[in-house]
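Structure file target-v9.txt with compact mmCIF, C-alpha atoms:
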# COMPACT_ATOMS: atom_id res chain seq x y z
CA MET K 1 91.56 113.36 74.31
CA LYS K 2 93.55 116.27 72.96
CA ARG K 3 91.64 119.24 71.61
CA ARG K 4 93.28 118.88 68.16
CA GLU K 5 92.25 115.21 67.94
CA PHE K 6 88.69 116.09 68.97
CA LEU K 7 88.43 118.75 66.30
CA GLY K 8 89.73 116.29 63.72
CA LEU K 9 87.11 113.69 64.63
CA ALA K 10 84.37 116.32 64.68
CA GLY K 11 85.42 117.48 61.23
CA SER K 12 85.31 113.90 59.89
CA ALA K 13 81.84 113.33 61.35
CA ALA K 14 80.54 116.53 59.82
CA ALA K 15 81.95 115.51 56.44
CA LEU K 16 80.12 112.17 56.36
CA PRO K 17 76.66 113.51 55.42
CA LEU K 18 78.23 115.71 52.76
CA ALA K 19 80.08 112.74 51.27
CA ALA K 20 76.91 110.66 51.30
CA HIS K 21 75.01 113.51 49.65
CA ALA K 22 77.69 113.83 46.98
CA GLN K 23 77.47 110.11 46.28
CA GLN K 24 73.69 110.35 45.91
CA THR K 25 73.87 113.30 43.54
CA THR K 26 76.44 111.60 41.31
CA MET K 27 74.64 108.25 41.21
CA PRO K 28 73.11 107.70 37.74
CA VAL K 29 69.34 108.14 37.72
CA ILE K 30 67.19 106.17 35.27
CA GLY K 31 63.93 107.67 34.11
CA PHE K 32 61.23 105.00 33.84
CA LEU K 33 58.44 106.42 31.67
CA ARG K 34 55.23 104.69 30.56
CA GLY K 35 51.89 105.71 29.17
CA SER K 36 50.03 103.37 31.51
CA ALA K 37 49.37 103.59 35.24
CA ALA K 38 51.76 102.38 37.93
CA THR K 39 49.18 99.91 39.24
CA GLY K 40 49.44 96.71 37.25
CA SER K 41 52.91 97.53 35.91
CA GLU K 42 54.89 96.35 38.92
CA TYR K 43 55.99 93.16 37.15
CA LEU K 44 57.56 95.21 34.34
CA VAL K 45 59.54 97.27 36.84
CA ALA K 46 60.70 94.07 38.55
CA ALA K 47 61.78 92.57 35.21
CA PHE K 48 63.67 95.73 34.29
CA LYS K 49 65.52 95.70 37.61
CA LYS K 50 66.32 92.02 37.13
CA GLY K 51 68.02 92.85 33.83
CA LEU K 52 70.07 95.56 35.54
CA ASN K 53 71.07 93.06 38.21
CA GLU K 54 72.15 90.61 35.51
CA ALA K 55 74.32 93.40 34.11
CA GLY K 56 75.98 93.62 37.53
CA LEU K 57 74.22 96.75 38.83
CA ILE K 58 72.25 97.13 42.06
CA GLU K 59 69.65 99.78 42.83
CA GLY K 60 70.80 102.18 45.53
CA ARG K 61 74.42 101.29 44.92
CA ASN K 62 74.94 101.82 41.18
CA PHE K 63 71.75 103.56 40.09
CA ALA K 64 68.45 105.08 41.18
CA ILE K 65 65.13 105.17 39.33
CA GLU K 66 62.60 107.98 38.94
CA TYR K 67 59.16 106.91 37.70
CA ARG K 68 56.74 108.86 35.55
CA TRP K 69 53.31 107.44 34.66
CA ALA K 70 50.86 109.00 32.18
CA ASP K 71 47.92 107.03 33.66
CA ASP K 72 46.54 106.14 30.22
CA HIS K 73 46.69 109.76 29.05
CA PRO K 74 49.34 109.70 26.29
CA ASP K 75 49.03 113.46 25.87
CA ARG K 76 50.84 113.80 29.20
CA LEU K 77 53.95 111.97 28.00
CA PRO K 78 55.70 114.96 26.35
CA ASP K 79 55.63 116.99 29.58
CA LEU K 80 56.73 113.99 31.64
CA ALA K 81 59.61 113.37 29.23
CA VAL K 82 60.68 117.02 29.38
CA ASP K 83 60.61 116.82 33.18
CA LEU K 84 62.95 113.80 33.20
CA VAL K 85 65.30 115.46 30.73
CA GLY K 86 65.33 118.59 32.90
CA ARG K 87 66.39 116.44 35.84
CA ARG K 88 69.34 115.24 33.76
CA VAL K 89 68.63 111.54 34.09
CA ALA K 90 71.31 109.19 32.77
CA LEU K 91 68.86 107.44 30.45
CA VAL K 92 65.13 106.98 29.81
CA VAL K 93 63.35 103.65 29.36
CA GLY K 94 59.74 103.19 28.32
CA ASN K 95 57.18 101.81 25.89
CA ALA K 96 56.94 103.08 22.31
CA GLU K 97 54.80 106.14 23.05
CA ALA K 98 57.02 107.11 25.97
CA ALA K 99 60.20 106.61 23.95
CA LEU K 100 58.86 108.80 21.13
CA ALA K 101 58.09 111.55 23.64
CA ALA K 102 61.58 111.23 25.11
CA LYS K 103 63.14 111.30 21.64
CA ALA K 104 61.35 114.59 20.95
CA ALA K 105 62.70 115.99 24.23
CA THR K 106 66.38 115.06 23.85
CA THR K 107 68.94 114.04 21.25
CA THR K 108 71.69 113.31 23.74
CA ILE K 109 70.27 111.34 26.70
CA PRO K 110 70.15 107.60 25.88
CA ILE K 111 66.66 106.14 25.35
CA ILE K 112 65.70 102.46 25.57
CA PHE K 113 62.31 101.33 24.33
CA ALA K 114 60.30 98.13 24.63
CA THR K 115 57.76 98.03 21.82
CA ALA K 116 55.33 95.62 20.24
CA GLY K 117 55.48 97.34 16.87
CA ASP K 118 58.03 98.09 14.16
CA PRO K 119 60.50 100.62 15.63
CA VAL K 120 61.57 101.79 12.15
CA ARG K 121 58.01 102.44 11.01
CA GLU K 122 57.18 104.08 14.33
CA GLY K 123 60.08 106.50 13.86
CA LEU K 124 62.10 105.37 16.85
CA VAL K 125 65.20 104.32 14.89
CA ALA K 126 66.42 104.45 11.30
CA ARG K 127 67.60 100.83 11.18
CA LEU K 128 67.70 97.75 13.37
CA ASN K 129 71.26 96.42 13.34
CA ARG K 130 72.98 99.74 14.08
CA PRO K 131 70.32 102.28 15.08
CA GLY K 132 72.67 105.24 15.57
CA GLY K 133 71.69 108.33 17.54
CA ASN K 134 70.61 108.05 21.17
CA VAL K 135 67.89 105.36 20.86
CA THR K 136 67.92 101.57 21.03
CA GLY K 137 65.63 98.94 22.51
CA VAL K 138 63.77 95.65 22.44
CA VAL K 139 61.01 94.48 20.10
CA PHE K 140 58.39 91.94 21.13
CA PHE K 141 56.15 91.47 18.11
CA LEU K 142 52.60 91.38 19.49
CA ALA K 143 50.69 93.10 16.72
CA VAL K 144 51.54 90.68 13.93
CA LEU K 145 50.36 87.69 15.99
CA GLY K 146 46.69 88.63 15.83
CA ALA K 147 46.04 86.06 13.11
CA LYS K 148 47.51 83.28 15.27
CA ARG K 149 45.35 84.35 18.21
CA LEU K 150 42.27 84.28 16.02
CA GLU K 151 43.14 80.74 14.94
CA LEU K 152 43.55 79.57 18.55
CA LEU K 153 40.30 81.24 19.56
CA ARG K 154 38.44 79.42 16.78
CA GLN K 155 39.89 76.11 17.96
CA LEU K 156 38.66 76.78 21.46
CA ALA K 157 35.25 78.15 20.50
CA PRO K 158 34.50 76.66 17.04
CA ARG K 159 30.77 77.35 17.26
CA SER K 160 31.25 81.12 17.54
CA THR K 161 30.05 82.53 14.24
CA THR K 162 30.99 86.09 15.13
CA VAL K 163 34.14 87.29 16.86
CA ALA K 164 34.62 90.75 18.39
CA MET K 165 37.96 92.47 18.83
CA LEU K 166 38.96 95.24 21.24
CA VAL K 167 41.66 97.71 20.16
CA ASN K 168 43.00 100.97 21.50
CA PRO K 169 43.05 103.42 18.56
CA LYS K 170 45.70 105.55 20.28
CA ALA K 171 48.29 102.78 20.47
CA PRO K 172 51.04 103.05 17.82
CA ASN K 173 50.79 99.41 16.71
CA THR K 174 46.98 99.23 16.51
CA GLU K 175 46.69 99.81 12.76
CA ALA K 176 49.10 96.97 11.94
CA GLU K 177 47.30 94.65 14.34
CA ARG K 178 43.90 95.60 12.94
CA LYS K 179 44.99 94.88 9.35
CA ASP K 180 46.58 91.58 10.36
CA VAL K 181 43.44 90.26 12.07
CA LEU K 182 41.02 91.55 9.42
CA ALA K 183 43.06 89.89 6.67
CA ALA K 184 43.12 86.61 8.59
CA ALA K 185 39.37 86.74 9.24
CA SER K 186 38.68 87.44 5.55
CA THR K 187 40.85 84.50 4.46
CA ILE K 188 39.01 81.98 6.62
CA GLY K 189 35.56 83.54 6.25
CA GLN K 190 35.25 84.55 9.89
CA GLN K 191 32.78 87.29 10.78
CA LEU K 192 34.67 89.88 12.80
CA PHE K 193 33.91 93.37 14.06
CA ILE K 194 36.23 95.73 15.88
CA LEU K 195 35.42 97.97 18.86
CA GLU K 196 37.72 100.85 19.81
CA VAL K 197 38.39 101.49 23.50
CA SER K 198 40.61 104.11 25.11
CA SER K 199 39.00 104.55 28.55
CA VAL K 200 37.44 102.40 31.26
CA ARG K 201 34.02 103.68 30.22
CA ASP K 202 34.73 102.55 26.65
CA ILE K 203 35.55 99.05 27.87
CA GLU K 204 32.27 98.76 29.76
CA ALA K 205 30.30 100.04 26.75
CA ALA K 206 32.17 97.73 24.36
CA PHE K 207 31.03 94.61 26.22
CA THR K 208 27.44 95.77 26.09
CA THR K 209 27.79 96.34 22.34
CA LEU K 210 29.50 93.06 21.54
CA MET K 211 26.83 91.11 23.39
CA GLN K 212 24.08 93.01 21.58
CA ARG K 213 25.73 92.19 18.27
CA GLY K 214 25.91 88.49 19.10
CA ALA K 215 29.64 87.99 19.45
CA GLY K 216 30.46 84.48 20.57
CA ALA K 217 34.16 85.06 21.27
CA LEU K 218 36.52 87.96 21.93
CA LEU K 219 40.03 88.82 20.79
CA VAL K 220 41.66 91.42 23.03
CA GLY K 221 44.23 93.58 21.25
CA SER K 222 47.70 94.40 22.46
CA GLY K 223 49.11 97.62 23.89
CA ALA K 224 49.81 99.26 27.23
CA PHE K 225 46.24 100.46 27.82
CA LEU K 226 44.50 97.10 27.43
CA ASN K 227 47.28 95.39 29.34
CA SER K 228 47.03 97.79 32.28
CA HIS K 229 43.26 97.23 32.40
CA ARG K 230 43.48 93.47 31.93
CA GLU K 231 41.72 92.70 35.23
CA ARG K 232 38.70 94.80 34.20
CA VAL K 233 38.53 93.10 30.79
CA VAL K 234 38.93 89.64 32.33
CA ALA K 235 36.17 90.35 34.86
CA LEU K 236 33.76 91.54 32.15
CA ALA K 237 34.51 88.53 29.94
CA ALA K 238 33.69 86.29 32.91
CA ARG K 239 30.51 88.24 33.70
CA TYR K 240 29.23 87.89 30.14
CA ALA K 241 30.57 84.32 29.82
CA ILE K 242 32.42 85.04 26.58
CA PRO K 243 35.61 83.13 25.62
CA ALA K 244 38.49 85.57 25.16
CA ILE K 245 42.11 85.41 24.08
CA TYR K 246 44.69 87.95 25.17
CA ALA K 247 48.06 89.14 23.92
CA GLN K 248 49.90 88.60 27.19
CA ARG K 249 50.23 85.93 29.85
CA GLU K 250 49.43 88.36 32.68
CA ALA K 251 45.77 88.46 31.64
CA VAL K 252 45.48 84.68 32.01
CA VAL K 253 47.15 84.83 35.42
CA ALA K 254 44.43 87.36 36.31
CA GLY K 255 41.75 84.79 35.39
CA GLY K 256 41.53 85.14 31.61
CA LEU K 257 40.98 82.10 29.38
CA LEU K 258 44.08 81.98 27.20
CA SER K 259 46.86 84.08 25.73
CA TYR K 260 49.44 83.84 23.01
CA GLY K 261 52.35 86.17 22.48
CA PRO K 262 55.91 87.06 23.35
CA SER K 263 56.85 87.70 26.94
CA ILE K 264 56.76 91.42 27.70
CA THR K 265 58.42 90.57 31.01
CA ASP K 266 61.38 89.09 29.14
CA ALA K 267 61.49 92.19 26.91
CA TYR K 268 61.80 94.50 29.92
CA ARG K 269 64.48 92.25 31.39
CA HIS K 270 66.48 92.69 28.18
CA ALA K 271 65.85 96.44 28.36
CA GLY K 272 67.39 96.35 31.84
CA ILE K 273 70.45 94.55 30.49
CA TYR K 274 70.84 97.22 27.81
CA ALA K 275 70.44 99.92 30.46
CA GLY K 276 73.27 98.34 32.42
CA ARG K 277 75.53 98.26 29.39
CA ILE K 278 74.82 101.92 28.62
CA LEU K 279 75.46 102.97 32.22
CA LYS K 280 78.81 101.19 31.93
CA GLY K 281 79.75 103.29 28.92
CA GLU K 282 78.37 101.73 25.74
CA LYS K 283 76.56 103.97 23.25
CA PRO K 284 72.88 103.24 22.48
CA GLY K 285 73.43 103.83 18.78
CA ASP K 286 75.93 100.94 18.70
CA LEU K 287 73.54 98.46 20.34
CA PRO K 288 71.38 96.61 17.77
CA ILE K 289 67.64 96.40 18.31
CA MET K 290 67.03 93.19 20.23
CA GLN K 291 64.14 90.88 19.39
CA SER K 292 62.49 89.06 22.27
CA THR K 293 62.20 85.41 21.23
CA LYS K 294 60.34 83.98 24.24
CA PHE K 295 56.72 83.17 23.31
CA ASP K 296 54.03 81.95 25.69
CA PHE K 297 50.82 80.05 24.93
CA VAL K 298 48.97 79.94 28.25
CA ILE K 299 45.63 78.33 29.12
CA ASN K 300 43.59 78.79 32.29
CA LEU K 301 41.74 75.52 33.00
CA LYS K 302 39.54 77.03 35.70
CA ALA K 303 38.29 79.70 33.29
CA ALA K 304 37.64 77.04 30.64
CA LYS K 305 35.59 74.92 33.06
CA THR K 306 33.60 77.95 34.18
CA LEU K 307 32.70 78.63 30.54
CA GLY K 308 31.84 74.96 29.97
CA LEU K 309 34.52 74.54 27.31
CA GLU K 310 36.06 71.19 26.55
CA LEU K 311 39.72 71.54 25.66
CA HIS K 312 41.14 69.16 23.09
CA PRO K 313 44.13 67.20 24.48
CA GLN K 314 46.22 68.29 21.51
CA LEU K 315 45.55 71.95 22.29
CA LEU K 316 46.58 71.40 25.90
CA ALA K 317 49.71 69.59 24.77
CA THR K 318 50.84 72.59 22.74
CA ALA K 319 50.45 75.03 25.65
CA ASP K 320 53.61 76.35 27.27
CA GLU K 321 51.76 76.74 30.56
CA VAL K 322 48.46 75.44 31.92
CA ILE K 323 47.10 77.27 34.94
CA GLU K 324 44.81 75.18 37.12
What is this structure when it is put down as structure tokens?
Amino acid sequence: MKRREFLGLAGSAAALPLAAHAQQTTMPVIGFLRGSAATGSEYLVAAFKKGLNEAGLIEGRNFAIEYRWADDHPDRLPDLAVDLVGRRVALVVGNAEAALAAKAATTTIPIIFATAGDPVREGLVARLNRPGGNVTGVVFFLAVLGAKRLELLRQLAPRSTTVAMLVNPKAPNTEAERKDVLAAASTIGQQLFILEVSSVRDIEAAFTTLMQRGAGALLVGSGAFLNSHRERVVALAARYAIPAIYAQREAVVAGGLLSYGPSITDAYRHAGIYAGRILKGEKPGDLPIMQSTKFDFVINLKAAKTLGLELHPQLLATADEVIE
């Protein structure tokens, strides 16, 4: 081999790592920010990636993801959001609290939220059909379904004179959910008391309190905190043999009795689709707020049998999914 040819090949080989490095540095990076912990949120990440795939994008080829988790400490979100903005991510996706923190950190980087509340009332966007600015997202209305969950719980446990409810006071949609359930309970004459929980210790103490106060059934509120600790809540409900209804299907998969609400998994899939469209050049302010329309009523037969509950055939017939 001639010396000139050898030098040419050597130069090409040396350039390969540099080219690969350049490709990595120019690949769009998505900041995935949530107030919850990483553990228990894997299915949301998977759903988000599925939406990106549906938009024609593949991780490692068209985008990369950096994750930031507040581990149920919402006060950490502002610093985590500032960190992502400092790293010049292409966009940020997260729940309502995370999106608000990101919005405070940047007015230029696109932000996609997935929220159970009213994004206008929460201050995320000015309007739904054409949000403007750098924020758009997906709404899955969990909070306003508390009355429906109370109705289903009464059908399943009609002899329960008193119902307890767990809520996280730090969640942005808690006040709307609280009002919705209290109004429904007042209308039907149902005795209801609410216990606030924002830590694992609070959850343990709440079950002790609700049993002392004679609660015969439990309504578990919505929000990232209670969802991320669903296995703990499900285990305590089983230990104290109290029928409980949850906002999301994942709690029933974990052994809970029943759930009713929109699919948060579907919401994050739609968020992934929006992320793909933005990475391809569309502006977030031009993308209307999307409403997740997939609702799930799920019953766990094993949990019902353990509690000694007899399920009416009509109730079973209305379920979207029955886990045996």
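Interatomic distance, atom CA of Ala244 of chain K to atom CA of Thr265 of chain K: 21.4 Å.
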| field | Counting all atoms listed in the file, the residue of K:Ala70, K:Arg121, K:Pro158, K:Ser228 that sits nearest Glu42 of chain K | value | K:Ser228
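With only C-alpha atoms taken into account, the protein and nucleic acid residues at most 7 Å from segment 248-263 of chain K (excluding it and anything under 5 positions from it in its own chain) are Phe140, Phe141, Leu142, Leu145, Arg149, Arg230, Glu231, Val234, Pro243, Ser292, Thr293, Lys294, Phe295, Asp296, Phe297, Val298, Ile299, Asn300, Ala303 and Ala304 of chain K.
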| What does the distance between atom CA of Asn62 of chain K and atom CA of Ile30 of chain K come to in Å, to one decimal place? |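 Result for atom CA of Asn62 of chain K versus atom CA of Ile30 of chain K: 10.7 Å, one decimal.
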| task | For Ile203 of chain K, work out the shell of residues within 12 Å, counting only C-alpha atoms and skipping chain neighbours fewer than 2 positions away, then give it as a list in words. | result |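 Final neighbour list, sorted by chain and number: Met165, Leu166, Val167, Asn168, Leu195, Glu196, Val197, Ser198, Ser199, Val200, Arg201, Ala205, Ala206, Phe207, Thr208, Thr209, Leu210, Val220, Phe225, Leu226, His229, Arg230, Glu231, Arg232, Val233, Val234, Ala235, Leu236 and Ala237 of chain K.
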| field | Residue neighbourhood Ile111 of chain K, 10 Å, all atoms listed in the file, exclusion window fewer than 6 positions, as a VMD selection string | value | chain K and resid 30 to 31 90 to 94 98 to 100 102 to 103 124 133 to 137 275 278 284 to 285
Quick one: segment 165-199 of chain K with N, CA and C atoms, as an mmCIF file, in the coordinates of the input?
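Below you can see out.cif, which holds the result:
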data_model
loop_
_atom_site.group_PDB
_atom_site.id
_atom_site.type_symbol
_atom_site.label_atom_id
_atom_site.label_comp_id
_atom_site.auth_asym_id
_atom_site.auth_seq_id
_atom_site.Cartn_x
_atom_site.Cartn_y
_atom_site.Cartn_z
ATOM 1 N N MET K 165 36.584 92.138 18.489
ATOM 2 C CA MET K 165 37.960 92.470 18.830
ATOM 3 C C MET K 165 38.010 93.847 19.488
ATOM 4 N N LEU K 166 38.757 93.954 20.575
ATOM 5 C CA LEU K 166 38.960 95.240 21.240
ATOM 6 C C LEU K 166 40.331 95.791 20.857
ATOM 7 N N VAL K 167 40.383 97.053 20.456
ATOM 8 C CA VAL K 167 41.660 97.710 20.160
ATOM 9 C C VAL K 167 41.655 99.116 20.747
ATOM 10 N N ASN K 168 42.838 99.579 21.057
ATOM 11 C CA ASN K 168 43.000 100.970 21.500
ATOM 12 C C ASN K 168 43.482 101.790 20.309
ATOM 13 N N PRO K 169 42.662 102.679 19.765
ATOM 14 C CA PRO K 169 43.050 103.420 18.560
ATOM 15 C C PRO K 169 44.252 104.337 18.756
ATOM 16 N N LYS K 170 44.590 104.638 20.011
ATOM 17 C CA LYS K 170 45.700 105.550 20.280
ATOM 18 C C LYS K 170 47.048 104.846 20.358
ATOM 19 N N ALA K 171 47.038 103.520 20.389
ATOM 20 C CA ALA K 171 48.290 102.780 20.470
ATOM 21 C C ALA K 171 48.994 102.784 19.115
ATOM 22 N N PRO K 172 50.322 102.923 19.089
ATOM 23 C CA PRO K 172 51.040 103.050 17.820
ATOM 24 C C PRO K 172 50.988 101.819 16.933
ATOM 25 N N ASN K 173 50.780 100.635 17.508
ATOM 26 C CA ASN K 173 50.790 99.410 16.710
ATOM 27 C C ASN K 173 49.388 98.921 16.360
ATOM 28 N N THR K 174 48.364 99.688 16.702
ATOM 29 C CA THR K 174 46.980 99.230 16.510
ATOM 30 C C THR K 174 46.644 99.010 15.038
ATOM 31 N N GLU K 175 47.066 99.917 14.164
ATOM 32 C CA GLU K 175 46.690 99.810 12.760
ATOM 33 C C GLU K 175 47.251 98.534 12.136
ATOM 34 N N ALA K 176 48.500 98.198 12.461
ATOM 35 C CA ALA K 176 49.100 96.970 11.940
ATOM 36 C C ALA K 176 48.375 95.745 12.468
ATOM 37 N N GLU K 177 48.008 95.774 13.737
ATOM 38 C CA GLU K 177 47.300 94.650 14.340
ATOM 39 C C GLU K 177 45.903 94.505 13.727
ATOM 40 N N ARG K 178 45.240 95.615 13.527
ATOM 41 C CA ARG K 178 43.900 95.600 12.940
ATOM 42 C C ARG K 178 43.936 94.973 11.534
ATOM 43 N N LYS K 179 44.881 95.404 10.719
ATOM 44 C CA LYS K 179 44.990 94.880 9.350
ATOM 45 C C LYS K 179 45.307 93.385 9.354
ATOM 46 N N ASP K 180 46.179 92.978 10.264
ATOM 47 C CA ASP K 180 46.580 91.580 10.360
ATOM 48 C C ASP K 180 45.382 90.681 10.679
ATOM 49 N N VAL K 181 44.583 91.080 11.658
ATOM 50 C CA VAL K 181 43.440 90.260 12.070
ATOM 51 C C VAL K 181 42.327 90.296 11.021
ATOM 52 N N LEU K 182 42.056 91.459 10.451
ATOM 53 C CA LEU K 182 41.020 91.550 9.420
ATOM 54 C C LEU K 182 41.362 90.702 8.203
ATOM 55 N N ALA K 183 42.630 90.706 7.808
ATOM 56 C CA ALA K 183 43.060 89.890 6.670
ATOM 57 C C ALA K 183 42.901 88.408 6.971
ATOM 58 N N ALA K 184 43.256 88.015 8.195
ATOM 59 C CA ALA K 184 43.120 86.610 8.590
ATOM 60 C C ALA K 184 41.661 86.195 8.629
ATOM 61 N N ALA K 185 40.802 87.044 9.162
ATOM 62 C CA ALA K 185 39.370 86.740 9.240
ATOM 63 C C ALA K 185 38.777 86.610 7.839
ATOM 64 N N SER K 186 39.182 87.471 6.926
ATOM 65 C CA SER K 186 38.680 87.440 5.550
ATOM 66 C C SER K 186 39.093 86.144 4.854
ATOM 67 N N THR K 187 40.325 85.712 5.109
ATOM 68 C CA THR K 187 40.850 84.500 4.460
ATOM 69 C C THR K 187 40.074 83.265 4.865
ATOM 70 N N ILE K 188 39.693 83.181 6.131
ATOM 71 C CA ILE K 188 39.010 81.980 6.620
ATOM 72 C C ILE K 188 37.494 82.154 6.672
ATOM 73 N N GLY K 189 36.998 83.301 6.264
ATOM 74 C CA GLY K 189 35.560 83.540 6.250
ATOM 75 C C GLY K 189 34.949 83.756 7.617
ATOM 76 N N GLN K 190 35.727 84.309 8.530
ATOM 77 C CA GLN K 190 35.250 84.550 9.890
ATOM 78 C C GLN K 190 34.619 85.932 9.995
ATOM 79 N N GLN K 191 33.404 85.995 10.526
ATOM 80 C CA GLN K 191 32.780 87.290 10.780
ATOM 81 C C GLN K 191 33.467 87.952 11.967
ATOM 82 N N LEU K 192 33.912 89.183 11.773
ATOM 83 C CA LEU K 192 34.670 89.880 12.800
ATOM 84 C C LEU K 192 34.298 91.359 12.799
ATOM 85 N N PHE K 193 34.078 91.918 13.979
ATOM 86 C CA PHE K 193 33.910 93.370 14.060
ATOM 87 C C PHE K 193 34.798 93.901 15.173
ATOM 88 N N ILE K 194 35.243 95.137 14.991
ATOM 89 C CA ILE K 194 36.230 95.730 15.880
ATOM 90 C C ILE K 194 35.617 96.884 16.671
ATOM 91 N N LEU K 195 35.897 96.905 17.969
ATOM 92 C CA LEU K 195 35.420 97.970 18.860
ATOM 93 C C LEU K 195 36.631 98.706 19.423
ATOM 94 N N GLU K 196 36.617 100.026 19.321
ATOM 95 C CA GLU K 196 37.720 100.850 19.810
ATOM 96 C C GLU K 196 37.473 101.275 21.258
ATOM 97 N N VAL K 197 38.498 101.116 22.087
ATOM 98 C CA VAL K 197 38.390 101.490 23.500
ATOM 99 C C VAL K 197 39.645 102.247 23.915
ATOM 100 N N SER K 198 39.457 103.354 24.615
ATOM 101 C CA SER K 198 40.610 104.110 25.110
ATOM 102 C C SER K 198 40.359 104.657 26.516
ATOM 103 N N SER K 199 39.295 104.169 27.166
ATOM 104 C CA SER K 199 39.000 104.550 28.550
ATOM 105 C C SER K 199 38.245 103.402 29.206
#
